[in-house]
Structures are given as structure tokens and as C-alpha cells.
Amino acid sequence: MSIIHRAAAASALAIFAVLAALPAGAQDGTIPIAGSFDLSGAAADVGKDVYDGVQYAIEEINKNGGVLGRKIQLTYQDNGTVPQKAVDQSTAMLRDGAKFLLSPQASGSAIAVSKAVSAKLKIPTCTSSSNSDDLTIKDFHPYIFMMAANSYMEARAVANYLSKQPYRRYAVIGPDYAAGRANAARFKEFIKEYNPQVEIVAEDYPKFGATDYTATINKILAAKPDYVWTVLFGADLITFSKQAQALGFFEQMHNHFMGLYDSNTLKALGPDAAVGTDGWQRAPAKLLAEASPAGKAYVEGFKAKFGHYPADWSTLGYDCVSIWAQAAEAAKSVEPEAVAAILGGREFKSVRGPLRIGKLDHQAEAPIYIGKVVQDKDYGQPLLSIQSIIPGAEVRPSEETLRKLRGG
């Protein structure tokens, strides 16, 4: 081999070595992002919905020119609703060069990833379904941002709504893990603040992913509450509701019950949905389609792609990607430091309408939708008939409260 050929070969090898060391996105011009999704395990129903919303957002953004002229490329893994697995996966994907992380859906995994991965590796991370207020209050760091109203905001909104009703004796049901108990504690705190005459006559915390709620149902009925509030969601709420219907629970409670009824949970319940009970939602598809041209285009486009209306979780996942992309455009960079710096204190477009992200907590001032379960003829399934929309700005913690809750 001649000197020229040897030099050319050495140069080619050097270039190949440099390319091999770069993340895939740096080699092909795409922007690498990552997601640890609960595609199996206790939160699988939610994880699959979030994944659909994320994929649809990426498809729409790429179709419209990408971010800063570059297309987005998603790498993802199934964490099985196991926190340590989510931490390990997220760490590996971010070290491979991802510029943005979609958080796991279960709160335990989301908190673990936020503390052990996002904060340490300094990568913007969006939480969609997980709304534990630990993420944006006690354990906040500038690389996290949240699309749903957090548990502080939701508990305050529904407690205020219920405090105006004639109920005094409440029962509380929550899944037995940190976020479930924390959400229940927030609700109890706020309902008593708004109405000091309220008494909590029963509480029960069944295992996350439980399959038998008979003991819980009997315990609540025995306490004879005026009203039952639960933070069970997804598969847990479906299982509970079906067993409760079979045991005549809702009839005995005169439908004095409130739960987190996302549209897919109601669809899955079908004839077992407790018509006449109360609920709250994070992103009701029918209302979004009626509220704005952007909401209508999103709902119709999603349905055309997947054959069904978007679940609340899908919409939150969609907004995670959309708002990160808007922040990157505003920062004129996809580099983590630049995007994180642009997130707080700005208003962004979303399919739910304009969303302001708080400067001190990166919390979206997301609305809370409250209504009653009805059988909807247009959608051919049970839905919430929305009766009240509480703006996130009205129930978010003040700057003074944030500092106090953080111990500062």
C-alpha cells in the first residue's frame, strides 16, 4: 500500500471512530430523545396511552419540518413499572446522547428517575401522567417539567368543589405507594381547610395493581360515609369499579363518589361505569375538540391514526414533546442547558390551550376538569360531562407556599 493509500485509510478509520463514538442523532442529523415507558406491569394501560401520544407528536413535528430543521428520533424501553429498571434504562439512554427524556408513568419510577438520572445528568425531563407534587415542589430541580396539574393542584381543586356540597363524612381510597398516600393526604388537608366540619370516617390503601377490592368496599360501606373520594386510576379504578358495581356499592352510596376518570378508563368500564358519579379529568378529548381548531385537529388526527379518541394520558404525552420542541425553538438549541433555561416562566401552545410553565417549579398551569359520568351517544361510550373547569393558576401553590414547602 502506498503512503497516500495508507494515509487515506488511516483518515477513514479516524472518521469512522469519531462517528461511532457519537450518538445516532449526531450521525444522521436527527435529534435523539428517549423515553422509559410503563408498557407492562401495574401502569401498563397508562404507559401505552402516553407512548401513543408521544409517537403522534413526533410524527406531526417531523412532518412539519422537525425542530430547528432536524427530525426527532425516539429511543424507548419498557420499564415494567419497576423504578430501578426505569433508572437503569434512562441512565443508559441519556448517556447514549439523548437530549430529552420522557419520564416513566408511575410516580414511584418518575420520582426515582428525576432524582437519580435527570438531576444528575442535567437532561430536560417531562412528566406526563405522574403528577406527584414531590417532583415540582420538595424535590424540584430545573431539568424537570410537568404537564398535568400536580397532586397539590388537583387535590385543592376537587376539595374546593366538594366543600360547597352538603357532604360531611368522607371516606378516602388510595393506592398503597408513596404518591397515592401523598395525594390522599393533600385531599384530606384541603377538604378540612375549606370545610372544617368535614370528618374522615374511613381510609383504605389497597396494593397498587390489586385484583380484589372486596375488603376495601366492605370497609367503606361499614363506615357509612356521605361521600367517597378516590385517587385510584387506570386499571386499579377499572377493577375497583367493576367489583363495586357487582356488590351494589354505588347504589348504596347513592353515587356519592368521585374518581380520576380518564376517557379510556370509562371506555374500558363500558356498562360497568357508574353513571351519575363525579369525576375529574386532565384532558377530555370531546371538550378539546369543541374548544379550539387546534384541539379539533389533534383529536381528529389522532383518531384517524389510531382508530380511537386520545386518552388523557396520550394528550399529556403529546404536550410533553410539543412543549419541549417549542422550548428548543425558542432557545435556538436542543442542548439541555439551553432548553432547561427557557422552560420556566413562559407560555406555550398546547392542544389544551395556552399553558404557562411556572418559573420556580416548571409546573404547567394545567386546568382541572370536573363533571359527572354520562353515557355519551356521540362517542358511543361513557364520558365525563364537564361541569366545571378550574384554571391551574387558581390552585397552584404561591411562591411563598413553594418556598415554605421546600423548607426555605
# chains A, B, ... in the order shown; residues from 1 in each chain; ligands from 1

call {"tool": "closest_atom_pairs", "arguments": {"of": "stretch 300-391 of chain A", "to": "stretch 87-110 of chain A", "cutoff": "8 Å", "atoms": "only C-alpha atoms", "output": "Markdown table"}}
result
| residue | atom | partner | partner_atom | distance |
| --- | --- | --- | --- | --- |
| A:Cys320 | CA | A:Leu102 | CA | 7.6 |
| A:Trp324 | CA | A:Phe100 | CA | 8.0 |
| A:Val334 | CA | A:Lys99 | CA | 6.6 |
| A:Glu335 | CA | A:Lys99 | CA | 6.5 |
| A:Pro336 | CA | A:Lys99 | CA | 6.1 |

call {"tool": "write_last_selection", "arguments": {"atoms": "C-alpha atoms", "output": "mmCIF file, in the first residue's frame"}}
result
data_model
loop_
_atom_site.group_PDB
_atom_site.id
_atom_site.type_symbol
_atom_site.label_atom_id
_atom_site.label_comp_id
_atom_site.auth_asym_id
_atom_site.auth_seq_id
_atom_site.Cartn_x
_atom_site.Cartn_y
_atom_site.Cartn_z
ATOM 1 C CA CYS A 320 -44.634 16.891 26.646
ATOM 2 C CA TRP A 324 -40.053 20.618 24.652
ATOM 3 C CA VAL A 334 -31.526 21.401 21.607
ATOM 4 C CA GLU A 335 -28.705 21.396 24.132
ATOM 5 C CA PRO A 336 -30.074 20.512 27.592
#

call {"tool": "residues_around", "arguments": {"residues": "A:Tyr213", "least_positions_apart": "5", "cutoff": "9 Å", "atoms": "only C-alpha atoms", "output": "list in words"}}
result
Pro206, Asn218, Thr239, Phe240, Gln243 and Ala244 of chain A

call {"tool": "write_last_selection", "arguments": {"atoms": "C-alpha atoms", "output": "short mmCIF file (atom, residue, chain, number, x, y, z; two decimals), in the first residue's frame"}}
result
data_model
loop_
_atom_site.label_atom_id
_atom_site.label_comp_id
_atom_site.auth_asym_id
_atom_site.auth_seq_id
_atom_site.Cartn_x
_atom_site.Cartn_y
_atom_site.Cartn_z
CA PRO A 206 -55.07 -1.30 48.75
CA ASN A 218 -66.91 -3.57 52.70
CA THR A 239 -61.05 -3.30 38.71
CA PHE A 240 -62.44 -1.49 41.75
CA GLN A 243 -66.30 -5.18 41.68
CA ALA A 244 -68.08 -2.27 43.35
#

call {"tool": "residues_around", "arguments": {"residues": "A:Arg346", "least_positions_apart": "3", "cutoff": "8 Å", "atoms": "only C-alpha atoms", "output": "ChimeraX atom specification"}}
result
/A:342-343,356-359

call {"tool": "closest_residue", "arguments": {"among": "A:Arg169, A:Asp134, A:Glu394, A:Gly209", "to": "A:Thr81", "atoms": "only C-alpha atoms"}}
result
A:Gly209

call {"tool": "closest_residue", "arguments": {"among": "A:Gly248, A:Ile111, A:Ile173, A:Glu193", "to": "A:Thr216", "atoms": "only C-alpha atoms"}}
result
A:Ile173
